[in-house]
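Here is the file final10.cif (mmCIF, C-alpha atoms).
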```cif
data_final
loop_
_atom_site.group_PDB
_atom_site.id
_atom_site.type_symbol
_atom_site.label_atom_id
_atom_site.label_comp_id
_atom_site.auth_asym_id
_atom_site.auth_seq_id
_atom_site.Cartn_x
_atom_site.Cartn_y
_atom_site.Cartn_z
ATOM 1 C CA MET A 12 5.950 1.769 -18.058
ATOM 2 C CA THR A 13 9.385 0.129 -18.415
ATOM 3 C CA ALA A 14 12.585 1.256 -20.056
ATOM 4 C CA PRO A 15 14.307 -0.734 -22.764
ATOM 5 C CA PRO A 16 16.960 -2.933 -21.152
ATOM 6 C CA ASP A 17 19.824 -0.973 -22.723
ATOM 7 C CA GLY A 18 18.341 2.536 -22.710
ATOM 8 C CA PRO A 19 17.540 5.230 -20.173
ATOM 9 C CA GLU A 20 14.233 5.280 -18.363
ATOM 10 C CA PRO A 21 11.639 7.252 -20.348
ATOM 11 C CA ALA A 22 10.359 10.574 -19.017
ATOM 12 C CA PRO A 23 7.212 10.394 -16.909
ATOM 13 C CA GLU A 24 3.856 10.895 -18.551
ATOM 14 C CA GLY A 25 1.353 13.225 -16.917
ATOM 15 C CA PRO A 26 1.663 15.190 -13.699
ATOM 16 C CA ALA A 27 1.336 12.203 -11.348
ATOM 17 C CA ALA A 28 3.774 9.908 -13.160
ATOM 18 C CA VAL A 29 6.942 8.993 -11.318
ATOM 19 C CA PRO A 30 9.597 6.781 -12.899
ATOM 20 C CA GLY A 31 9.779 3.379 -11.275
ATOM 21 C CA ARG A 32 6.393 3.819 -9.612
ATOM 22 C CA PRO A 33 3.227 2.518 -11.257
ATOM 23 C CA GLU A 34 0.536 5.035 -12.069
ATOM 24 C CA ARG A 35 -2.379 4.977 -9.654
ATOM 25 C CA GLU A 36 -5.679 3.796 -10.961
ATOM 26 C CA VAL A 37 -8.410 6.406 -11.053
ATOM 27 C CA GLY A 38 -10.557 6.131 -7.937
ATOM 28 C CA ARG A 39 -8.051 3.978 -6.049
ATOM 29 C CA GLY A 40 -6.044 5.383 -3.199
ATOM 30 C CA ASP A 41 -2.464 4.797 -2.218
ATOM 31 C CA TYR A 42 -2.624 4.258 1.521
ATOM 32 C CA SER A 43 1.103 3.906 2.120
ATOM 33 C CA GLY A 44 1.253 7.538 3.267
ATOM 34 C CA ALA A 45 -1.561 6.934 5.747
ATOM 35 C CA VAL A 46 0.165 3.812 7.110
ATOM 36 C CA TYR A 47 3.439 5.712 7.389
ATOM 37 C CA GLY A 48 1.714 8.761 8.883
ATOM 38 C CA SER A 49 -0.048 6.623 11.502
ATOM 39 C CA LEU A 50 3.234 5.011 12.544
ATOM 40 C CA LEU A 51 4.818 8.462 12.634
ATOM 41 C CA ALA A 52 1.973 9.749 14.828
ATOM 42 C CA ALA A 53 2.375 6.788 17.194
ATOM 43 C CA SER A 54 6.099 7.522 17.420
ATOM 44 C CA VAL A 55 5.430 11.195 18.172
ATOM 45 C CA VAL A 56 2.989 10.244 20.933
ATOM 46 C CA VAL A 57 5.509 7.838 22.462
ATOM 47 C CA GLY A 58 8.312 10.377 22.282
ATOM 48 C CA ALA A 59 6.222 13.169 23.744
ATOM 49 C CA GLY A 60 4.609 10.921 26.345
ATOM 50 C CA THR A 61 7.940 9.834 27.801
ATOM 51 C CA LEU A 62 9.185 13.383 28.345
ATOM 52 C CA GLY A 63 6.848 14.132 31.217
ATOM 53 C CA ASN A 64 3.647 16.081 31.673
ATOM 54 C CA PHE A 65 2.715 18.708 29.136
ATOM 55 C CA PRO A 66 -0.548 20.330 28.035
ATOM 56 C CA ARG A 67 -2.639 18.135 25.755
ATOM 57 C CA LEU A 68 -2.894 20.935 23.199
ATOM 58 C CA GLU A 69 0.884 20.764 22.928
ATOM 59 C CA LEU A 70 0.537 17.106 21.916
ATOM 60 C CA VAL A 71 -2.141 18.046 19.372
ATOM 61 C CA ALA A 72 0.137 20.737 17.895
ATOM 62 C CA LEU A 73 3.108 18.363 17.902
ATOM 63 C CA LEU A 74 1.135 15.641 16.074
ATOM 64 C CA LEU A 75 -0.258 17.977 13.431
ATOM 65 C CA GLY A 76 2.976 19.938 13.050
ATOM 66 C CA THR A 77 5.067 16.799 12.658
ATOM 67 C CA GLY A 78 2.591 15.454 10.097
ATOM 68 C CA VAL A 79 2.873 18.656 8.048
ATOM 69 C CA VAL A 80 6.690 18.694 8.255
ATOM 70 C CA PHE A 81 6.978 15.058 7.153
ATOM 71 C CA TRP A 82 4.417 15.657 4.395
ATOM 72 C CA ALA A 83 6.514 18.585 3.123
ATOM 73 C CA ALA A 84 9.670 16.461 3.319
ATOM 74 C CA HIS A 85 8.025 13.697 1.279
ATOM 75 C CA VAL A 86 6.771 16.179 -1.312
ATOM 76 C CA PHE A 87 10.230 17.731 -1.579
ATOM 77 C CA ALA A 88 11.943 14.341 -1.833
ATOM 78 C CA ARG A 89 9.598 13.119 -4.567
ATOM 79 C CA LEU A 90 9.769 16.332 -6.537
ATOM 80 C CA PHE A 91 13.493 16.859 -6.361
ATOM 81 C CA GLY A 92 14.533 13.241 -6.144
ATOM 82 C CA VAL A 93 12.739 12.187 -9.301
ATOM 83 C CA ARG A 94 10.839 14.905 -11.110
ATOM 84 C CA MET A 95 13.558 17.523 -11.276
ATOM 85 C CA VAL A 96 15.531 15.242 -13.542
ATOM 86 C CA HIS A 97 12.596 15.180 -15.948
ATOM 87 C CA HIS A 98 10.048 17.947 -15.621
ATOM 88 C CA LEU A 99 9.004 20.141 -12.721
ATOM 89 C CA SER A 100 5.811 22.160 -13.037
ATOM 90 C CA TRP A 101 3.183 23.633 -10.720
ATOM 91 C CA SER A 102 0.905 20.832 -11.813
ATOM 92 C CA ALA A 103 3.495 18.288 -10.667
ATOM 93 C CA VAL A 104 3.917 20.124 -7.343
ATOM 94 C CA ARG A 105 0.151 20.176 -6.712
ATOM 95 C CA SER A 106 -0.235 16.551 -7.745
ATOM 96 C CA THR A 107 2.620 15.373 -5.550
ATOM 97 C CA ALA A 108 1.388 17.436 -2.593
ATOM 98 C CA ARG A 109 -2.072 15.883 -3.004
ATOM 99 C CA GLU A 110 -0.654 12.346 -3.272
ATOM 100 C CA GLU A 111 1.346 12.753 -0.055
ATOM 101 C CA ARG A 112 -1.552 14.312 1.896
ATOM 102 C CA PRO A 113 -2.448 11.031 3.690
ATOM 103 C CA ILE A 114 0.629 11.572 5.885
ATOM 104 C CA ILE A 115 -1.072 14.652 7.340
ATOM 105 C CA LYS A 116 -4.510 13.039 7.440
ATOM 106 C CA ALA A 117 -3.152 10.143 9.515
ATOM 107 C CA ALA A 118 -2.113 12.571 12.273
ATOM 108 C CA VAL A 119 -5.628 13.990 12.625
ATOM 109 C CA PRO A 120 -7.403 11.104 14.460
ATOM 110 C CA PRO A 121 -4.784 10.809 17.254
ATOM 111 C CA ALA A 122 -4.703 14.617 17.530
ATOM 112 C CA VAL A 123 -8.501 14.714 17.862
ATOM 113 C CA ALA A 124 -8.319 11.895 20.441
ATOM 114 C CA ALA A 125 -5.802 13.905 22.470
ATOM 115 C CA ALA A 126 -7.918 17.035 22.159
ATOM 116 C CA ILE A 127 -11.152 15.409 23.375
ATOM 117 C CA ALA A 128 -9.634 12.998 25.931
ATOM 118 C CA PRO A 129 -10.468 15.252 28.906
ATOM 119 C CA LEU A 130 -14.149 14.800 28.053
ATOM 120 C CA PHE A 131 -13.642 11.204 29.186
ATOM 121 C CA GLY A 132 -11.929 12.304 32.406
ATOM 122 C CA LEU A 133 -8.493 11.158 31.258
ATOM 123 C CA GLY A 134 -5.326 12.535 32.802
ATOM 124 C CA HIS A 135 -1.964 12.976 31.108
ATOM 125 C CA GLN A 136 -1.123 9.278 30.737
ATOM 126 C CA GLY A 137 -4.672 8.463 29.635
ATOM 127 C CA ILE A 138 -4.453 11.118 26.920
ATOM 128 C CA VAL A 139 -1.137 9.707 25.705
ATOM 129 C CA TRP A 140 -2.400 6.122 25.665
ATOM 130 C CA LEU A 141 -5.652 7.067 23.896
ATOM 131 C CA ALA A 142 -3.774 8.980 21.183
ATOM 132 C CA LEU A 143 -1.336 6.073 20.806
ATOM 133 C CA VAL A 144 -4.096 3.475 20.487
ATOM 134 C CA VAL A 145 -5.948 5.619 17.931
ATOM 135 C CA ALA A 146 -2.743 6.012 15.879
ATOM 136 C CA LEU A 147 -2.058 2.269 15.972
ATOM 137 C CA VAL A 148 -5.627 1.334 15.074
ATOM 138 C CA GLY A 149 -5.304 3.714 12.134
ATOM 139 C CA GLN A 150 -2.016 2.143 11.101
ATOM 140 C CA VAL A 151 -3.417 -1.402 11.112
ATOM 141 C CA GLY A 152 -6.644 -0.258 9.475
ATOM 142 C CA TRP A 153 -4.893 1.647 6.666
ATOM 143 C CA ALA A 154 -2.520 -1.247 5.998
ATOM 144 C CA THR A 155 -5.391 -3.714 5.800
ATOM 145 C CA LEU A 156 -7.421 -1.384 3.586
ATOM 146 C CA ALA A 157 -4.416 -0.855 1.323
ATOM 147 C CA ALA A 158 -4.043 -4.596 0.891
ATOM 148 C CA ALA A 159 -7.776 -4.992 0.219
ATOM 149 C CA ARG A 160 -7.829 -2.168 -2.346
ATOM 150 C CA ALA A 161 -4.798 -3.702 -4.050
ATOM 151 C CA GLY A 162 -6.801 -6.897 -4.548
ATOM 152 C CA ALA A 163 -4.906 -8.952 -1.980
ATOM 153 C CA SER A 164 -6.298 -12.231 -0.716
ATOM 154 C CA ARG A 165 -7.726 -12.412 2.808
ATOM 155 C CA ARG A 166 -4.530 -14.083 3.900
ATOM 156 C CA MET A 167 -2.406 -11.208 2.566
ATOM 157 C CA MET A 168 -4.764 -8.644 4.107
ATOM 158 C CA MET A 169 -4.403 -10.380 7.464
ATOM 159 C CA LEU A 170 -0.637 -10.489 7.011
ATOM 160 C CA ALA A 171 -0.519 -6.757 6.236
ATOM 161 C CA GLY A 172 -2.591 -6.047 9.350
ATOM 162 C CA ALA A 173 -0.501 -8.407 11.484
ATOM 163 C CA ILE A 174 2.804 -6.893 10.364
ATOM 164 C CA ASN A 175 1.526 -3.419 11.137
ATOM 165 C CA LEU A 176 0.160 -4.599 14.470
ATOM 166 C CA PHE A 177 3.634 -5.982 15.229
ATOM 167 C CA LEU A 178 5.205 -2.629 14.339
ATOM 168 C CA GLY A 179 2.663 -0.945 16.597
ATOM 169 C CA VAL A 180 3.450 -3.319 19.446
ATOM 170 C CA LEU A 181 7.123 -2.408 19.034
ATOM 171 C CA ILE A 182 6.159 1.249 19.476
ATOM 172 C CA VAL A 183 4.137 0.389 22.605
ATOM 173 C CA LEU A 184 7.053 -1.634 24.013
ATOM 174 C CA LEU A 185 9.323 1.328 23.377
ATOM 175 C CA LYS A 186 6.919 3.560 25.295
ATOM 176 C CA VAL A 187 6.757 1.143 28.209
ATOM 177 C CA ALA A 188 10.543 0.698 28.279
ATOM 178 C CA LEU A 189 11.182 4.451 28.227
ATOM 179 C CA GLN A 190 8.774 5.109 31.077
ATOM 180 C CA HIS A 191 10.565 2.776 33.505
#
```
Please render this file's structure as structure tokens.
Amino acid sequence: MTAPPDGPEPAPEGPAAVPGRPEREVGRGDYSGAVYGSLLAASVVVGAGTLGNFPRLELVALLLGTGVVFWAAHVFARLFGVRMVHHLSWSAVRSTAREERPIIKAAVPPAVAAAIAPLFGLGHQGIVWLALVVALVGQVGWATLAAARAGASRRMMMLAGAINLFLGVLIVLLKVALQH
């Protein structure tokens, strides 16, 4: 949906419509929240892992809690940054909350990894590294899946994965640098 060149942008149509953002196709996911959430989870693991030893359940709570807080911030920003100008309803709130849910979902695999790491005999640093690797694998996987679902060529899918791998490596380098 585009606005006439000389007129204001038309009001959104339907509860999921956001001006300047294309409507999602039915049955197709927007994985940008999952990519973002995975990078956020990796950052949380790095930040927490450089502060010293702490109980693994604290890391689990920090991952899930941070995911929920960032999810709420994204919902708020979308609702009040765009929708309030047009139309704010409970339907729009529910729809936006549902659309941003991948941010929370992306925190779950590294949190589960941290929670079950002792089953593999891992100590504090092993728990941190396992959660970090799981978050980064999720980030690269979600980015590649997003490109594939968008109809990207293999080359573009590989580029999306490579860029996200690079971002993940930057997070790992940050962790290594902060530990020395």
So which residues touch Gln190 of chain A within 9 Å, counting only C-alpha atoms, skipping near sequence neighbours fewer than 2 positions away, as JSON, numbers by chain?
-> {"A": [60, 61, 62, 185, 186, 187, 188]}
Atoms kept (C-alpha atoms) for selection, written as a short mmCIF file (atom, residue, chain, number, x, y, z; two decimals), keeping the file's coordinate frame:
```cif
data_model
loop_
_atom_site.label_atom_id
_atom_site.label_comp_id
_atom_site.auth_asym_id
_atom_site.auth_seq_id
_atom_site.Cartn_x
_atom_site.Cartn_y
_atom_site.Cartn_z
CA GLY A 60 4.61 10.92 26.34
CA THR A 61 7.94 9.83 27.80
CA LEU A 62 9.18 13.38 28.34
CA LEU A 185 9.32 1.33 23.38
CA LYS A 186 6.92 3.56 25.30
CA VAL A 187 6.76 1.14 28.21
CA ALA A 188 10.54 0.70 28.28
#
```
Chain and number of each residue from the PyMOL selection byres ((chain A and resi 114) around 9), as a ChimeraX atom specification = /A:43-49,51,78-79,81-82,85,111-113,115-118
Neighbours of Leu156 of chain A within 12 Å (all atoms listed in the file; same-chain residues fewer than 6 positions away dropped), as number ranges by chain?
-> A: 39-43, 45-46, 148-150, 162-165, 167-172, 175
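Interatomic distance, atom CA of Phe65 of chain A against atom CA of Gly152 of chain A: 28.9 Å.
For the structure in this document, the set picked by the PyMOL selection byres ((chain A and resi 134-147) around 8) is Ser49, Leu50, Ala52, Ala53, Val56, Val57, Gly60, Asn64, Phe65, Arg67, Ala117, Ala118, Pro120, Pro121, Ala122, Ala124, Ala125, Ala128, Pro129, Gly132, Leu133, Val148, Gly149, Gln150, Val151, Leu176 and Gly179 of chain A.
Between atom CA of Val80 of chain A and atom CA of Val104 of chain A the interatomic distance comes to 15.9 Å.
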Give me, please, the distance in Å between atom CA of Arg109 of chain A and atom CA of Ala83 of chain A, quoted to one decimal.
-> 10.9 Å
Would you give the centre and edge lengths, in Å to one decimal, of a box along x, y and z around the listed atoms of segment 73-90 of chain A, with 8 Å added to each side, as lines of an AutoDock Vina configuration file?
```
center_x = 5.8
center_y = 16.5
center_z = 5.7
size_x = 28.2
size_y = 22.8
size_z = 40.4
```
